[in-house]
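Inspection log for the structure reproduced underneath, given as structure tokens.
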Amino acid sequence: PKAIHLTAYRPSTHLIDTVDLHVDLREEATTVRARLGIRQNPARAGAEPLVLDGQRLELVSVTVDGVPLGPDGYILSPDHLTLPDTPDTFVLETVVRTRPQDNMALEGLYKSSGNYCTQCEAEGFRKITYFIDRPDVMARYTTVIEAEKARYPVLLSNGNLVGSGDAADGRHWAKWEDPFPKPCYLFALVAGDLRAVEDRFRTRSGRDVALRIYVEPGNEDKCDHAMRSLKKSMAWDEEVYGLEYDLDIFNIVAVSDFNMGAMENKSLNVFNTKYILARPETATDGDFLGIEAVVAHEYFHNWTGNRVTCRDWFQLSLKEGLTVFRDQQFSADMNSAAVKRIQDVQGLRTVQFPEDSGAMAHPVRPESYVEINNFYTPTVYNKGAEVIRMYHTLLGAEGFRRGMDLYFQRHDGQAVTCDDFAAAMADAGGVDLTQFKLWYSQAGTPELRVTGEYDEAARTYRLTVRQTVPPTPGQPDKMPMHMPLVTGLLGPDGKDLPLRLAGEAAPGGTSRVLELRAAEQRFEFVDVPARPVPSLLRGFSAPVKLTADLTDADLTFLTANDSDPFNRWEAGQVLGVRILLGLVADIQSGRPLALPDGFVGAMGAVLGDAGHDPAFAAQALVLPGESYLGTQMAVIDPIAIHEAREFARRTLAERLRDRWLATHRAHAGNEPFSVDAAAIGRRSLKNLCLAYLMARPDPEAVGLAIGQFHGSRAMTDVIAALQLLAGSDAPEREDALAAFYDRWKDDRLVVDKWFNVQATSHRPDTLDRVRALLDHPAFEIRNPNKVYSLIGAFAGGNPVRFHATDGAGYAFLADQVLRIDPMNPQVASRLMGQFSRIRRYDATRQAQMRTQLERIVATPALSPDVFEVASKSLE
Ligand code: B3K
Ligand code: ZN
């Protein structure tokens with residue numbers, strides 16, 4: 001497979017203005033007739049051959065302006081249909097046959113639970129018909145779907161329904177017309193036996209929009225939360241960005257077999273059922289929040305992605321980073337903003353930071369790819385969102401909004417680049433963002449080192465900030481980046497000091513956006529009455545690793561006093577990382593372990609105060625995760641990390657036992673279920689207390705877990721208890737797992753949780769159990785959710801077992817990748833993530849992973865997806 005480079009971009013030779021599709025769905029084969037209005041692109045001089053993309057299509061006929069072409073009129077290859085000689089403007093009609101029922105890759109047109117659906121982003125449309133499959137070719141679509149009426153009563157596509165009727169032999173048809181020109185990756189079609197849950201939304205300017213969520217029969221009672229989330233998203237986008245919905249229909253279809261979360265097809269979003277279906281008994285608080293966020297994300301794409309789209313796939317973060325930022329803002333407004341920010345940063349650190357230091361490290365705008373599906377990554381999405389957040393911080397909320405308005409004013413209806421976005425922000429904000437744009441081209445997580453000096457006589461406080469960006473594959477040397485370092489200073493009383501920088505006439509504010517641009521920079525605060533404790537990188541104002549010369553006492557002071565809730569949490573994490581890495585070092589050199597009293601005291605204080613803000617306490621009492629701890633080590637030692645963290649958890653469990661117990665009890669009453677932030681916060685605190693109690697699973701703790709498992713009707717509580725039981729030696733463990741399966745065996749999404757709980761258990765026999773579960777009747781190798789819940793959860797969510805010293809975890813993963821790749825390359829490739837971190841481990845593990853990677857690349861007919869990750873990991 002060959003790499004494609006950003007620098008090789010050229011406008012398309014031809015443009016397609018109109019697409020008329022006729023899709024005839026039949027059990028033996030599907031026939032697609034496409035009539036395309038094509039012209040030469042004025043942006044390219046001279047007549048050039050027309051090269052259409054097409055994969056796994058059986059070509060039936062080709063006509064140009066109604067005249068059939070014989071086989072010598074075109075050139076057919078496995079990936080292309082080439083017409084060497086065509087008029088300047090013409091109508092091309094092709095007829096092709098496909099077999100969606102055999103499509104296990106879940107890209108293009110395929111079947112899920114007997115229903116037809118499509119997934120075209122990034123390059124799936126070429127599996128439906130011959131086309132110029134690139135996002136800067138935008139056309140108006142009309143789609144006629146024809147199918148058997150009894151089996152497929154619902155026929156959907158983008159835009160407005162403009163006709164429908166019955167046809168011969170018990171068949172029927174529907175005609176859809178989308179007035180908005182769009183790239184083909186936003187095309188969608190659905191045909192199936194589905195039930196709609198309906199609602200309405202009236203837009204600010206008075207447009208009445210029909211909202212429908214289509215699900216398989218029997219799931220109608222699980223759509224309330226998704227529908228509420230959709231209406232909230234629509235209102236929020238009007239209020240915050242002035243953006244209204246632009247059609248009379250907004251449809252969502254939930255399907256069980258879907259490679260990722262959801263897809264923003266114009267007016268016809270297709271969702272993984274995981275991000276739609278929820279009732280308190282079946283879905284956790286995390287599921288409810290995930291649904292709200294993903295429904296919002298896909299809805300927000302209507303403007304950031306659909307109305308303004310990407311010129312090419314290198315610009316993916318243009319729509320994804322921006323839309324993730326928007327959904328993060330939305331969720332922060334709907335729930336606890338502090339908890340949301342903490343969780344987003346945790347996500348970034350546990351998934352994106354490792355990617356940024358691994359074999360697949362790439363900039364937010366990648367420079368090349370072999371398989372574009374490999375670049376729907378945490379870097380493009382989540383680091384991309386951090387980049388947008390930095391514009392917001394640098395320009396301020398109003399400046400950012402002006403930039404967004406200008407972006408839409410300039411580019412509505414266009415396919416554009418990240419440079420166009422940056423230009424709109426720079427022009428609206430009146431700022432120079434040239435250096436800032438390095439965020440799009442330099443990979444790797446920047447590192448900041450900050451030192452502070454207080455001069456008592458001069459009453460000045462000087463911060464010195466040094467930044468470096470580590471080398472990444474293909475990028476040995478980096479330049480300093482432009483970023484906002486939001487800073488405050490706390491006085492001895494714990495209050496924020498008014499801030500005045502040298503040269504300023506008067507103090508202004510208690511939080512400042514310090515702009516970093518150089519490798520080393522100094523900031524001098526004047527009029528500082530006493531030695532302050534600095535609060536740096538407030539709200540995690542840039543996606544960096546920060547080291548500051550703060551003492552344990554400074555950090556404890558910040559955990560008690562910082563007015564910035566993120567930094568109050570973060571100070572505790574920094575302290576936790578210090579202590580845990582100390583324990584790791586002790587384990588590695590065989591020293592006895594002890595948890596400092598001060599740390600136990602600080603945790604006890606947070607716990608004692610938990611009643612004030614349970615949601616925050618639940619975050620502050622969680623020790624830094626194993627994956628994040630790994631990112632803080634030169635060579636990751638997964639076993640020592642796990643042992644250190646478990647030792648700390650057991651010690652805290654023991655030393656604070658009465659308080660965990662009391663706090664658990666205080667929240668254990670069965671309050672009526674609601675998913676507001678306060679209730680979620682109380683449940684997470686309660687379950688955290690139970691987790692600490694179960695770190696020393698004495699009969700009382702086990703009794704509480706069993707009581708909660710059987711007694712609660714909220715899945716959040718049930719699964720938390722089951723997870724703890726499954727990870728323990730308690731003899732009740734197997735009964736609980738069996739009871740859970742028995743209760744929920746007919747609910748596929750809940751069964752996913754059952755697989756996940758077993759795959760992430762720290763018990764030593766977990767790998768054997770995972771292997772055995774592959775043969776469980778409820779396991780489906782073709783269903784991505786099942787694969788992610790069992791195999792993915794084991795590889796990504798159970799470091800101590802996956803990285804077992806005998807290398808069995810690696811061999812297992814490679815076996816599964818090779819088994820899945822021929823069916824579904826995207827899913828197989830996603831499982832490879834852990835292997836791409838190879839160079840972060842010790843020599844033995846590297847050798848073991850290398851053996852598996854070599855076995856993978858030597859396999860014939862490997863997909864480009866898996867080949868790209870495996871070969872880059874071996875470099
Ligand atoms: N845009 C889609 C992702 C498509 C992934 C293709 N492999 C969902 C989203 O980000 O909203
Ligand atoms: Zn998206």
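Chain lettering (A, B, ...) mirrors the order of the structure tokens, residue numbering begins at 1 for each chain separately, and ligand numbering begins at 1 in order of display.
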Quick one: residues within 7 Å of ligand 1, with only C-alpha atoms and all ligand atoms, as a short mmCIF file (atom, residue, chain, number, x, y, z; two decimals) with N, CA and C atoms, in the first residue's frame?
data_model
loop_
_atom_site.label_atom_id
_atom_site.label_comp_id
_atom_site.auth_asym_id
_atom_site.auth_seq_id
_atom_site.Cartn_x
_atom_site.Cartn_y
_atom_site.Cartn_z
N GLU A 121 -18.35 7.79 5.40
CA GLU A 121 -17.10 8.44 5.79
C GLU A 121 -16.12 7.36 6.23
N ALA A 122 -14.86 7.42 5.81
CA ALA A 122 -14.32 8.43 4.92
C ALA A 122 -14.51 8.06 3.45
N MET A 260 -17.99 2.74 14.72
CA MET A 260 -17.64 3.71 15.77
C MET A 260 -18.89 4.18 16.48
N GLY A 261 -18.90 5.42 16.93
CA GLY A 261 -20.01 5.88 17.76
C GLY A 261 -21.25 6.25 16.96
N ALA A 262 -21.05 7.09 15.94
CA ALA A 262 -22.19 7.60 15.19
C ALA A 262 -21.68 8.35 13.97
N MET A 263 -22.61 8.75 13.10
CA MET A 263 -22.20 9.41 11.86
C MET A 263 -23.19 10.52 11.51
N GLU A 264 -22.63 11.67 11.15
CA GLU A 264 -23.40 12.90 10.99
C GLU A 264 -24.02 13.11 9.61
N HIS A 297 -22.77 16.04 19.48
CA HIS A 297 -21.64 16.08 18.55
C HIS A 297 -22.14 15.93 17.10
N GLU A 298 -22.94 14.91 16.86
CA GLU A 298 -23.39 14.67 15.49
C GLU A 298 -24.31 15.81 15.03
N GLU A 320 -13.58 17.75 13.14
CA GLU A 320 -13.67 16.90 14.32
C GLU A 320 -13.18 17.61 15.60
N ASN A 373 -8.79 5.77 7.48
CA ASN A 373 -9.54 5.34 8.67
C ASN A 373 -8.66 5.21 9.90
N TYR A 376 -8.69 8.62 12.41
CA TYR A 376 -9.79 9.09 13.26
C TYR A 376 -9.35 8.83 14.70
#
**Asked** range 664-667 of chain A: which residues within 10 Å, counting only C-alpha atoms, same-chain residues fewer than 2 positions away excluded, as a PyMOL selection string?
**Response** chain A and resi 611+614+658-662+669-671+679+682-691+693+704
Where does range 452-550 of chain A meet range 566-589 of chain A within 9 Å, residue by residue, with the nearest atom pair and distance in Å to one decimal for each, counting only C-alpha atoms, listed by chain and rising number, as CSV?
residue,atom,partner,partner_atom,distance
A:Ser535,CA,A:Asn567,CA,7.0
A:Leu536,CA,A:Asn567,CA,7.8
A:Leu537,CA,A:Asn567,CA,7.8
A:Arg538,CA,A:Asn567,CA,5.8
A:Gly539,CA,A:Phe566,CA,5.3
A:Phe540,CA,A:Phe566,CA,7.3
Selected residues written out, C-alpha atoms, as a tab-separated table (two decimals), in the first residue's frame:
chain	number	residue	atom	x	y	z
A	535	SER	CA	-1.66	28.12	40.11
A	536	LEU	CA	-0.39	27.26	36.65
A	537	LEU	CA	-2.13	26.11	33.47
A	538	ARG	CA	-5.56	26.76	34.98
A	539	GLY	CA	-8.33	24.77	33.36
A	540	PHE	CA	-5.57	22.87	31.56
**Request:** Could you tell me, as a count of residues only, which residues of range 438-523 of chain A DSSP assigns to strand (DSSP E or B) when given the backbone?
**Result:** 39
**Message:** Neighbours of ligand 2 at 12 Å or closer, counting only C-alpha atoms and all ligand atoms: which residues, as a ChimeraX atom specification?
**Reply:** /A:121-122,186,260-265,269,271,293-306,309,316-327,376-378,380-382,384-385
**Message:** Nearest residue to Ala759 in chain A out of A:Ala870, A:Leu595, A:Ala772, A:Ile388, using only C-alpha atoms?
**Reply:**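 Of all the options, A:Ala772 lies closest to Ala759 in chain A.
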**Message:** List the spatial neighbours of Glu28 in chain A as a ChimeraX atom specification - criterion: any atom at most 12 Å away, only C-alpha atoms, same-chain residues fewer than 6 positions off excluded.
**Reply:** /A:97-102
Taking N, CA and C atoms for each residue, export the selection above as a CSV table (one decimal), in the first residue's frame.
chain,number,residue,atom,x,y,z
A,97,ARG,N,-23.8,-3.7,-9.5
A,97,ARG,CA,-24.5,-4.6,-8.5
A,97,ARG,C,-23.5,-4.8,-7.3
A,98,THR,N,-24.1,-4.8,-6.1
A,98,THR,CA,-23.3,-5.1,-4.9
A,98,THR,C,-24.0,-6.1,-4.0
A,99,ARG,N,-23.3,-6.6,-3.0
A,99,ARG,CA,-23.9,-7.6,-2.1
A,99,ARG,C,-23.8,-7.1,-0.7
A,100,PRO,N,-24.6,-6.2,-0.3
A,100,PRO,CA,-24.5,-5.7,1.1
A,100,PRO,C,-24.6,-6.7,2.2
A,101,GLN,N,-25.3,-7.8,1.9
A,101,GLN,CA,-25.5,-8.8,2.9
A,101,GLN,C,-24.1,-9.5,3.2
A,102,ASP,N,-23.1,-9.4,2.3
A,102,ASP,CA,-21.8,-10.0,2.6
A,102,ASP,C,-20.8,-9.0,3.1
Near range 853-867 of chain A, counting only C-alpha atoms, which residues have an atom at most 8 Å away, once you skip same-chain residues fewer than 5 positions from it, shown as a PDB file with C-alpha atoms, in the first residue's frame?
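The resulting file, result_27.pdb, is shown below:
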ATOM      1  CA  PRO A   1       0.000   0.000   0.000  1.00  0.00           C
ATOM      2  CA  VAL A 370      -1.751   4.909   4.096  1.00  0.00           C
ATOM      3  CA  GLU A 371      -5.329   4.340   5.311  1.00  0.00           C
ATOM      4  CA  ASN A 373      -9.542   5.343   8.669  1.00  0.00           C
ATOM      5  CA  ASN A 374      -6.445   5.007  10.868  1.00  0.00           C
ATOM      6  CA  ALA A 814      -2.326 -10.711  17.507  1.00  0.00           C
ATOM      7  CA  LEU A 818      -5.543 -11.616  12.328  1.00  0.00           C
ATOM      8  CA  ASP A 821      -8.874  -8.330   9.753  1.00  0.00           C
ATOM      9  CA  PRO A 822     -10.302 -10.291   6.802  1.00  0.00           C
ATOM     10  CA  PRO A 825     -10.137  -4.075   8.874  1.00  0.00           C
ATOM     11  CA  GLN A 826     -11.208  -0.941  10.770  1.00  0.00           C
ATOM     12  CA  ALA A 828      -8.866  -4.996  13.587  1.00  0.00           C
ATOM     13  CA  SER A 829      -6.742  -1.907  13.204  1.00  0.00           C
ATOM     14  CA  MET A 832      -3.630  -2.586  17.296  1.00  0.00           C
ATOM     15  CA  PHE A 835       1.145  -2.460  19.903  1.00  0.00           C
ATOM     16  CA  SER A 873       5.171   0.043  15.008  1.00  0.00           C
ATOM     17  CA  LEU A 874       8.096  -2.036  13.775  1.00  0.00           C
TER      18      LEU A 874
END
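Excluding Val197 in chain A itself and same-chain residues fewer than 6 positions from it, the residues having an atom within 10 Å of it are A:Leu211, A:Arg212, A:Ile213, A:Tyr214, A:Val215, A:Asn219, A:Glu220, A:Asp221, A:Lys222, A:Cys223, A:Asp224, A:Met227, A:Ile252, counting only C-alpha atoms.
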Restrict the selected residues to N, CA and C atoms and save them as an mmCIF file, in the first residue's frame.
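Generated file (again-v3.cif):
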data_model
loop_
_atom_site.group_PDB
_atom_site.id
_atom_site.type_symbol
_atom_site.label_atom_id
_atom_site.label_comp_id
_atom_site.auth_asym_id
_atom_site.auth_seq_id
_atom_site.Cartn_x
_atom_site.Cartn_y
_atom_site.Cartn_z
ATOM 1 N N LEU A 211 -38.594 15.620 14.453
ATOM 2 C CA LEU A 211 -37.460 14.833 14.956
ATOM 3 C C LEU A 211 -37.903 13.383 15.079
ATOM 4 N N ARG A 212 -37.123 12.482 14.500
ATOM 5 C CA ARG A 212 -37.486 11.068 14.626
ATOM 6 C C ARG A 212 -36.253 10.241 14.957
ATOM 7 N N ILE A 213 -36.433 9.361 15.932
ATOM 8 C CA ILE A 213 -35.378 8.392 16.235
ATOM 9 C C ILE A 213 -35.927 7.012 15.870
ATOM 10 N N TYR A 214 -35.259 6.356 14.932
ATOM 11 C CA TYR A 214 -35.696 5.038 14.479
ATOM 12 C C TYR A 214 -34.894 3.952 15.182
ATOM 13 N N VAL A 215 -35.624 2.981 15.747
ATOM 14 C CA VAL A 215 -34.973 1.868 16.455
ATOM 15 C C VAL A 215 -35.657 0.562 16.072
ATOM 16 N N ASN A 219 -37.492 -1.303 21.233
ATOM 17 C CA ASN A 219 -36.575 -0.361 21.884
ATOM 18 C C ASN A 219 -37.144 1.050 22.001
ATOM 19 N N GLU A 220 -38.419 1.210 21.648
ATOM 20 C CA GLU A 220 -39.003 2.551 21.632
ATOM 21 C C GLU A 220 -38.935 3.222 23.003
ATOM 22 N N ASP A 221 -38.929 2.411 24.067
ATOM 23 C CA ASP A 221 -38.941 3.014 25.412
ATOM 24 C C ASP A 221 -37.539 3.391 25.883
ATOM 25 N N LYS A 222 -36.551 3.327 25.015
ATOM 26 C CA LYS A 222 -35.187 3.668 25.430
ATOM 27 C C LYS A 222 -34.642 4.884 24.686
ATOM 28 N N CYS A 223 -35.541 5.692 24.171
ATOM 29 C CA CYS A 223 -35.083 6.812 23.341
ATOM 30 C C CYS A 223 -35.272 8.181 23.975
ATOM 31 N N ASP A 224 -35.907 8.233 25.140
ATOM 32 C CA ASP A 224 -36.232 9.538 25.752
ATOM 33 C C ASP A 224 -35.008 10.411 25.946
ATOM 34 N N MET A 227 -33.588 11.758 22.740
ATOM 35 C CA MET A 227 -34.440 12.806 22.160
ATOM 36 C C MET A 227 -34.291 14.120 22.941
ATOM 37 N N ILE A 252 -32.671 10.204 13.109
ATOM 38 C CA ILE A 252 -31.583 9.407 13.672
ATOM 39 C C ILE A 252 -31.998 7.946 13.542
#
**Request:** Please provide as an MDAnalysis selection string all residues within 8 Å of Asp527 in chain A, with the sequence filter that same-chain residues fewer than 2 positions apart are discarded (counting only C-alpha atoms).
**Result:** chainID A and resid 459:460 500 525 529
**Item:** Nearest residue to Ile75 in chain A from the set A:Pro49, A:Arg56, A:Gly114, A:Arg365 (distances using only C-alpha atoms)
**Value:**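 Counting only C-alpha atoms, the residue closest to Ile75 in chain A is A:Pro49.
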**Message:** Would you pick out the contacts of Arg801 in chain A at 8 Å or less, using only C-alpha atoms, so that residues sharing its chain but fewer than 3 positions from it are not included, and give the list as a PyMOL selection string?
**Reply:** chain A and resi 762+764+766-767+794+798+804+809
Just write the chosen residues, N, CA and C atoms, as a PDB file, in the first residue's frame.
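Written output follows (selection.pdb):
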ATOM      1  N   HIS A 762      -8.838  -7.856  37.339  1.00  0.00           N
ATOM      2  CA  HIS A 762      -7.398  -8.023  37.577  1.00  0.00           C
ATOM      3  C   HIS A 762      -7.031  -9.427  38.042  1.00  0.00           C
ATOM      4  N   PRO A 764      -5.858 -13.179  38.192  1.00  0.00           N
ATOM      5  CA  PRO A 764      -4.795 -13.760  37.360  1.00  0.00           C
ATOM      6  C   PRO A 764      -5.304 -14.628  36.211  1.00  0.00           C
ATOM      7  N   THR A 766      -7.664 -14.013  34.148  1.00  0.00           N
ATOM      8  CA  THR A 766      -8.521 -13.261  33.224  1.00  0.00           C
ATOM      9  C   THR A 766      -8.313 -13.638  31.757  1.00  0.00           C
ATOM     10  N   LEU A 767      -7.075 -13.799  31.330  1.00  0.00           N
ATOM     11  CA  LEU A 767      -6.877 -14.117  29.911  1.00  0.00           C
ATOM     12  C   LEU A 767      -7.566 -15.433  29.532  1.00  0.00           C
ATOM     13  N   PHE A 794      -9.836  -5.913  27.199  1.00  0.00           N
ATOM     14  CA  PHE A 794      -8.707  -6.641  27.788  1.00  0.00           C
ATOM     15  C   PHE A 794      -7.384  -5.961  27.407  1.00  0.00           C
ATOM     16  N   ASN A 798      -6.809  -3.307  30.749  1.00  0.00           N
ATOM     17  CA  ASN A 798      -6.326  -4.231  31.777  1.00  0.00           C
ATOM     18  C   ASN A 798      -4.814  -4.398  31.661  1.00  0.00           C
ATOM     19  N   ALA A 804       1.271  -9.070  30.771  1.00  0.00           N
ATOM     20  CA  ALA A 804       1.847 -10.140  31.594  1.00  0.00           C
ATOM     21  C   ALA A 804       3.214 -10.553  31.053  1.00  0.00           C
ATOM     22  N   GLY A 809      -0.559 -12.192  26.533  1.00  0.00           N
ATOM     23  CA  GLY A 809      -1.543 -11.170  26.156  1.00  0.00           C
ATOM     24  C   GLY A 809      -1.282 -10.679  24.739  1.00  0.00           C
TER      25      GLY A 809
END
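Of the residues under consideration (A:Ser331, A:Thr547, A:Ile249, A:Val154), A:Ser331 shows the shortest atom-to-atom contact distance to Trp236 in chain A when counting only C-alpha atoms.
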Restrict the calculation to only C-alpha atoms, then for each residue of range 501-613 of chain A with any atom at most 9 Å from an atom of range 448-456 of chain A give the closest atom pair and their distance in Å to one decimal, rows by chain and rising residue number, as JSON lines.
{"residue": "A:Val528", "atom": "CA", "partner": "A:Glu456", "partner_atom": "CA", "distance": 8.5}
{"residue": "A:Pro529", "atom": "CA", "partner": "A:Glu456", "partner_atom": "CA", "distance": 8.0}
{"residue": "A:Ala530", "atom": "CA", "partner": "A:Glu456", "partner_atom": "CA", "distance": 7.0}
{"residue": "A:Arg531", "atom": "CA", "partner": "A:Tyr454", "partner_atom": "CA", "distance": 5.7}
{"residue": "A:Pro532", "atom": "CA", "partner": "A:Tyr454", "partner_atom": "CA", "distance": 7.8}
{"residue": "A:Val533", "atom": "CA", "partner": "A:Gly452", "partner_atom": "CA", "distance": 8.9}
{"residue": "A:Pro534", "atom": "CA", "partner": "A:Gly452", "partner_atom": "CA", "distance": 8.0}
{"residue": "A:Leu536", "atom": "CA", "partner": "A:Val450", "partner_atom": "CA", "distance": 8.7}
{"residue": "A:Val544", "atom": "CA", "partner": "A:Leu448", "partner_atom": "CA", "distance": 7.0}
{"residue": "A:Lys545", "atom": "CA", "partner": "A:Leu448", "partner_atom": "CA", "distance": 6.1}
{"residue": "A:Leu546", "atom": "CA", "partner": "A:Leu448", "partner_atom": "CA", "distance": 4.8}
{"residue": "A:Thr547", "atom": "CA", "partner": "A:Arg449", "partner_atom": "CA", "distance": 4.9}
{"residue": "A:Ala548", "atom": "CA", "partner": "A:Val450", "partner_atom": "CA", "distance": 4.7}
{"residue": "A:Asp549", "atom": "CA", "partner": "A:Thr451", "partner_atom": "CA", "distance": 5.4}
{"residue": "A:Leu550", "atom": "CA", "partner": "A:Thr451", "partner_atom": "CA", "distance": 8.3}
Would you output that residue set with N, CA and C atoms, as a compact mmCIF listing (two decimals), in the first residue's frame?
# COMPACT_ATOMS: atom_id res chain seq x y z
N VAL A 528 3.77 42.08 44.90
CA VAL A 528 3.31 40.81 45.50
C VAL A 528 3.70 40.84 46.98
N PRO A 529 2.72 40.88 47.86
CA PRO A 529 2.98 41.14 49.28
C PRO A 529 3.71 40.02 50.02
N ALA A 530 3.56 38.79 49.59
CA ALA A 530 4.21 37.67 50.28
C ALA A 530 4.46 36.57 49.27
N ARG A 531 5.30 35.61 49.65
CA ARG A 531 5.60 34.54 48.70
C ARG A 531 4.29 33.82 48.32
N PRO A 532 3.91 33.86 47.01
CA PRO A 532 2.65 33.22 46.61
C PRO A 532 2.88 31.76 46.21
N VAL A 533 1.80 31.03 46.11
CA VAL A 533 1.86 29.71 45.48
C VAL A 533 1.20 29.87 44.10
N PRO A 534 1.94 29.55 43.04
CA PRO A 534 1.35 29.77 41.71
C PRO A 534 0.36 28.67 41.34
N LEU A 536 -0.83 27.20 38.05
CA LEU A 536 -0.39 27.26 36.65
C LEU A 536 -1.27 26.42 35.74
N VAL A 544 -0.34 20.03 27.37
CA VAL A 544 1.10 19.86 27.61
C VAL A 544 1.32 19.05 28.88
N LYS A 545 2.58 18.64 29.05
CA LYS A 545 3.00 18.08 30.34
C LYS A 545 3.71 19.19 31.09
N LEU A 546 3.25 19.47 32.29
CA LEU A 546 3.80 20.57 33.05
C LEU A 546 4.57 20.05 34.27
N THR A 547 5.77 20.58 34.47
CA THR A 547 6.48 20.30 35.71
C THR A 547 6.78 21.64 36.37
N ALA A 548 6.41 21.77 37.62
CA ALA A 548 6.67 23.03 38.32
C ALA A 548 7.41 22.72 39.61
N ASP A 549 8.19 23.69 40.10
CA ASP A 549 8.97 23.45 41.32
C ASP A 549 8.12 23.68 42.56
N LEU A 550 7.03 22.95 42.66
CA LEU A 550 6.16 23.09 43.83
C LEU A 550 6.46 21.97 44.83
